[in-house]
Amino acid sequence: MDVFPRVFLLVFCQLAVGGLLCLAIPPFHQVERGYYKSSASVYVLIAALALVGRVSLWWNAGGGGAWGWIEIGLWAVFVGCALGYLVSLWGERVALRARLFTASWLSGFGALLVLAEGYRQAPVLSFETFFFPLSFVLSALLLGAAASGMLLGHWYLIDRDLSLVPLDRTLRLYRGCLNVQVALVAAAVLVLGLAGSAPARDGVRELLSDHPALFAIRLAVSPLCAALLGWMIRRTLDIPQTMAATGLFYIAVLVVLVGELLGRFLLFRTGLAL
């Protein structure tokens, strides 16, 4: 049974996809190329390790159905395109770099959608078909925004004249994802508990009866504590003090990561994408 390790491996897949997409937030020609090289290297390494882990689980399980093949194939395409994008940063083939970047995030989000289908236990015409992919993609964007804010903040120590606009945009994405996550979790519990499929209704009952403390901790860590950190980062950037904001982004990455790991554990225990 590989469900337990797969739900935790999912967090790092989401981090790689969301982080790579967030490289598009700063205008390419307004930030030194080194930022993109170093950041993309981190995300490609995470993606490659996640792919190795997923293939290992698939191999130990004796292979899988069509969805497993599609999922691993899309992850492999994502890693290949992301690696190609990283290599292109040392050259000036602009059109190729843009195509590789687009192919990277498209294949990454495609893989997340396939993953969501794998965890859905309801028919296609159900609320889970909407909630699961949206939850997976939202978590990817949140993880990516937190990590990219931390990595971008370091660049202000190198380029003292860099505009605060890229970091402001990253922070807005981070805070926006947290706001949407609150609404999505509340809507998912309410809608799936009342009008979801039988497995979803059972999952909501199990969540509220057997795991209320774990659910409360998940919400307290992220999005609530993560939102408080977002407010603190906003205040430090108003000074402005980018070094303090970068330190807070460090904490935000850890808080969001713990929150998402708790969410994936709830996915394993209840079958709900929270």
# chains A, B, ... in the order shown; residues from 1 in each chain; ligands from 1

call {"tool": "residues_around", "arguments": {"residues": "A:Val3", "least_positions_apart": "4", "cutoff": "12 Å", "atoms": "only C-alpha atoms", "output": "VMD selection string"}}
result
chain A and resid 7 to 10 54 57 to 58 61 115 118 to 119 264 to 265 267 to 269 271

call {"tool": "write_last_selection", "arguments": {"atoms": "N, CA and C atoms", "output": "mmCIF file, in the first residue's frame"}}
result
data_model
loop_
_atom_site.group_PDB
_atom_site.id
_atom_site.type_symbol
_atom_site.label_atom_id
_atom_site.label_comp_id
_atom_site.auth_asym_id
_atom_site.auth_seq_id
_atom_site.Cartn_x
_atom_site.Cartn_y
_atom_site.Cartn_z
ATOM 1 N N VAL A 7 0.923 10.562 -0.423
ATOM 2 C CA VAL A 7 0.291 11.820 -0.028
ATOM 3 C C VAL A 7 1.330 12.817 0.486
ATOM 4 N N PHE A 8 2.407 12.321 1.091
ATOM 5 C CA PHE A 8 3.447 13.229 1.565
ATOM 6 C C PHE A 8 4.378 13.644 0.424
ATOM 7 N N LEU A 9 4.629 12.736 -0.507
ATOM 8 C CA LEU A 9 5.423 13.083 -1.677
ATOM 9 C C LEU A 9 4.725 14.150 -2.504
ATOM 10 N N LEU A 10 3.397 14.154 -2.449
ATOM 11 C CA LEU A 10 2.604 15.138 -3.187
ATOM 12 C C LEU A 10 2.974 16.562 -2.807
ATOM 13 N N ARG A 54 8.421 8.874 -6.710
ATOM 14 C CA ARG A 54 7.159 8.371 -7.276
ATOM 15 C C ARG A 54 7.396 7.118 -8.109
ATOM 16 N N LEU A 57 7.977 4.176 -5.766
ATOM 17 C CA LEU A 57 6.739 3.665 -5.192
ATOM 18 C C LEU A 57 5.955 2.860 -6.223
ATOM 19 N N TRP A 58 5.915 3.367 -7.436
ATOM 20 C CA TRP A 58 5.203 2.671 -8.508
ATOM 21 C C TRP A 58 5.847 1.311 -8.788
ATOM 22 N N ALA A 61 5.181 -1.187 -6.005
ATOM 23 C CA ALA A 61 3.782 -1.617 -5.990
ATOM 24 C C ALA A 61 3.453 -2.536 -7.154
ATOM 25 N N LEU A 115 -3.284 13.534 -10.514
ATOM 26 C CA LEU A 115 -3.200 13.085 -9.127
ATOM 27 C C LEU A 115 -4.540 13.259 -8.412
ATOM 28 N N GLY A 118 -6.845 10.606 -9.172
ATOM 29 C CA GLY A 118 -6.492 9.359 -8.519
ATOM 30 C C GLY A 118 -7.016 9.252 -7.097
ATOM 31 N N TYR A 119 -7.183 10.390 -6.412
ATOM 32 C CA TYR A 119 -7.668 10.374 -5.036
ATOM 33 C C TYR A 119 -9.185 10.505 -4.954
ATOM 34 N N ARG A 264 -2.158 16.814 3.954
ATOM 35 C CA ARG A 264 -1.997 15.558 3.227
ATOM 36 C C ARG A 264 -2.243 14.361 4.154
ATOM 37 N N PHE A 265 -1.909 14.504 5.449
ATOM 38 C CA PHE A 265 -2.203 13.417 6.378
ATOM 39 C C PHE A 265 -3.715 13.249 6.537
ATOM 40 N N LEU A 267 -5.800 13.924 4.198
ATOM 41 C CA LEU A 267 -6.188 13.275 2.955
ATOM 42 C C LEU A 267 -6.049 11.760 3.081
ATOM 43 N N PHE A 268 -4.960 11.315 3.685
ATOM 44 C CA PHE A 268 -4.734 9.893 3.879
ATOM 45 C C PHE A 268 -5.773 9.297 4.833
ATOM 46 N N ARG A 269 -6.106 10.007 5.904
ATOM 47 C CA ARG A 269 -6.999 9.462 6.924
ATOM 48 C C ARG A 269 -8.470 9.539 6.515
ATOM 49 N N GLY A 271 -9.661 10.893 3.205
ATOM 50 C CA GLY A 271 -9.951 10.949 1.781
ATOM 51 C C GLY A 271 -10.390 12.319 1.299
#

call {"tool": "residues_around", "arguments": {"residues": "stretch 209-216 of chain A", "least_positions_apart": "4", "cutoff": "8 Å", "atoms": "only C-alpha atoms", "output": "compact mmCIF listing (two decimals) with N, CA and C atoms, in the first residue's frame"}}
result
# COMPACT_ATOMS: atom_id res chain seq x y z
N ARG A 205 -17.68 13.17 8.22
CA ARG A 205 -18.07 12.69 9.55
C ARG A 205 -16.85 12.19 10.33
N ALA A 220 -4.96 26.09 12.30
CA ALA A 220 -4.23 27.06 13.13
C ALA A 220 -2.85 27.34 12.56
N LEU A 262 0.17 18.40 7.15
CA LEU A 262 -1.00 18.01 7.95
C LEU A 262 -2.22 17.80 7.06
N LEU A 266 -4.44 14.37 6.57
CA LEU A 266 -5.90 14.30 6.60
C LEU A 266 -6.45 13.66 5.33

call {"tool": "residues_around", "arguments": {"residues": "A:Val204", "least_positions_apart": "4", "cutoff": "12 Å", "atoms": "only C-alpha atoms", "output": "PDB file with C-alpha atoms, in the first residue's frame"}}
result
ATOM      1  CA  VAL A 185     -11.743  24.417   3.103  1.00  0.00           C
ATOM      2  CA  ALA A 186     -14.935  25.797   4.655  1.00  0.00           C
ATOM      3  CA  ALA A 187     -16.891  25.231   1.438  1.00  0.00           C
ATOM      4  CA  ALA A 188     -15.472  21.722   0.977  1.00  0.00           C
ATOM      5  CA  VAL A 189     -16.424  20.591   4.489  1.00  0.00           C
ATOM      6  CA  LEU A 190     -19.900  22.123   4.217  1.00  0.00           C
ATOM      7  CA  VAL A 191     -20.748  21.060   0.669  1.00  0.00           C
ATOM      8  CA  LEU A 192     -19.186  17.594   0.770  1.00  0.00           C
ATOM      9  CA  GLY A 193     -20.689  16.926   4.186  1.00  0.00           C
ATOM     10  CA  LEU A 194     -24.184  17.760   2.947  1.00  0.00           C
ATOM     11  CA  ALA A 195     -24.217  16.958  -0.767  1.00  0.00           C
ATOM     12  CA  GLY A 196     -21.046  15.011  -1.517  1.00  0.00           C
ATOM     13  CA  SER A 197     -20.771  11.384  -2.502  1.00  0.00           C
ATOM     14  CA  ALA A 198     -21.102   8.666   0.149  1.00  0.00           C
ATOM     15  CA  PRO A 199     -17.290   8.388   0.648  1.00  0.00           C
ATOM     16  CA  ALA A 200     -17.028  12.181   0.980  1.00  0.00           C
ATOM     17  CA  LEU A 208     -15.294  15.998  12.652  1.00  0.00           C
ATOM     18  CA  SER A 209     -15.716  13.033  14.991  1.00  0.00           C
ATOM     19  CA  ASP A 210     -12.298  11.313  14.989  1.00  0.00           C
ATOM     20  CA  HIS A 211      -9.852  14.049  13.939  1.00  0.00           C
ATOM     21  CA  PRO A 212     -11.184  17.421  15.165  1.00  0.00           C
ATOM     22  CA  PHE A 215      -8.097  19.498  11.734  1.00  0.00           C
ATOM     23  CA  LEU A 266      -5.902  14.301   6.601  1.00  0.00           C
ATOM     24  CA  LEU A 267      -6.188  13.275   2.955  1.00  0.00           C
ATOM     25  CA  ARG A 269      -6.999   9.462   6.924  1.00  0.00           C
ATOM     26  CA  THR A 270     -10.301  10.817   5.566  1.00  0.00           C
ATOM     27  CA  GLY A 271      -9.951  10.949   1.781  1.00  0.00           C
ATOM     28  CA  LEU A 272     -10.627  14.713   1.786  1.00  0.00           C
ATOM     29  CA  ALA A 273      -8.344  17.194   0.023  1.00  0.00           C
ATOM     30  CA  LEU A 274      -7.874  19.760   2.800  1.00  0.00           C
TER      31      LEU A 274
END

call {"tool": "atom_distance", "arguments": {"atom1": "atom CA of A:Arg97", "atom2": "atom CA of A:Tyr85"}}
result
5.6 Å

call {"tool": "residues_around", "arguments": {"residues": "A:Glu117", "least_positions_apart": "4", "cutoff": "10 Å", "atoms": "only C-alpha atoms", "output": "PyMOL selection string"}}
result
chain A and resi 67+111-113+121-122+124+128-129+132-133

call {"tool": "write_last_selection", "arguments": {"atoms": "C-alpha atoms", "output": "short mmCIF file (atom, residue, chain, number, x, y, z; two decimals), in the first residue's frame"}}
result
data_model
loop_
_atom_site.label_atom_id
_atom_site.label_comp_id
_atom_site.auth_asym_id
_atom_site.auth_seq_id
_atom_site.Cartn_x
_atom_site.Cartn_y
_atom_site.Cartn_z
CA TRP A 67 -3.65 6.83 -14.48
CA ALA A 111 0.20 16.01 -13.35
CA LEU A 112 -1.50 17.56 -10.31
CA LEU A 113 -4.90 17.25 -12.02
CA GLN A 121 -13.59 8.25 -5.01
CA ALA A 122 -16.75 9.79 -6.46
CA VAL A 124 -17.07 12.42 -12.48
CA GLU A 128 -15.19 16.25 -5.55
CA THR A 129 -14.31 16.66 -9.24
CA PHE A 132 -9.91 18.12 -5.40
CA PRO A 133 -8.08 19.67 -8.41
#

call {"tool": "closest_residue", "arguments": {"among": "A:Phe249, A:Ile239, A:Leu162, A:Glu260", "to": "A:Gln181", "atoms": "only C-alpha atoms"}}
result
A:Glu260

call {"tool": "closest_atom_pairs", "arguments": {"of": "stretch 174-268 of chain A", "to": "stretch 18-35 of chain A", "cutoff": "12 Å", "atoms": "only C-alpha atoms", "output": "JSON lines"}}
result
{"residue": "A:Tyr174", "atom": "CA", "partner": "A:Cys22", "partner_atom": "CA", "distance": 10.3}
{"residue": "A:Cys177", "atom": "CA", "partner": "A:Gly18", "partner_atom": "CA", "distance": 11.6}
{"residue": "A:Val253", "atom": "CA", "partner": "A:Gly19", "partner_atom": "CA", "distance": 11.5}

call {"tool": "write_last_selection", "arguments": {"atoms": "N, CA and C atoms", "output": "PDB file, in the first residue's frame"}}
result
ATOM      1  N   TYR A 174       0.799  35.198  -2.180  1.00  0.00           N
ATOM      2  CA  TYR A 174       0.834  34.395  -0.957  1.00  0.00           C
ATOM      3  C   TYR A 174      -0.408  34.644  -0.099  1.00  0.00           C
ATOM      4  N   CYS A 177      -3.681  33.430  -1.828  1.00  0.00           N
ATOM      5  CA  CYS A 177      -3.862  31.973  -1.754  1.00  0.00           C
ATOM      6  C   CYS A 177      -4.381  31.550  -0.386  1.00  0.00           C
ATOM      7  N   VAL A 253       7.635  29.736   5.024  1.00  0.00           N
ATOM      8  CA  VAL A 253       7.838  28.492   4.274  1.00  0.00           C
ATOM      9  C   VAL A 253       7.651  27.286   5.189  1.00  0.00           C
TER      10      VAL A 253
END

call {"tool": "atom_distance", "arguments": {"atom1": "atom CA of A:Ala145", "atom2": "atom CA of A:Arg172"}}
result
9.0 Å

call {"tool": "select_by_dssp", "arguments": {"residues": "stretch 8-230 of chain A", "states": "alpha helix (DSSP H)", "output": "PyMOL selection string"}}
result
chain A and resi 8-22+33-60+66-88+94-119+128-158+165-195+198-210+212-219+226-230

call {"tool": "residues_around", "arguments": {"residues": "stretch 146-150 of chain A", "least_positions_apart": "2", "cutoff": "10 Å", "atoms": "only C-alpha atoms", "output": "PyMOL selection string"}}
result
chain A and resi 15-16+18-23+25+39+43+141-144+152-155+166-171+173-175+226+230+245-257
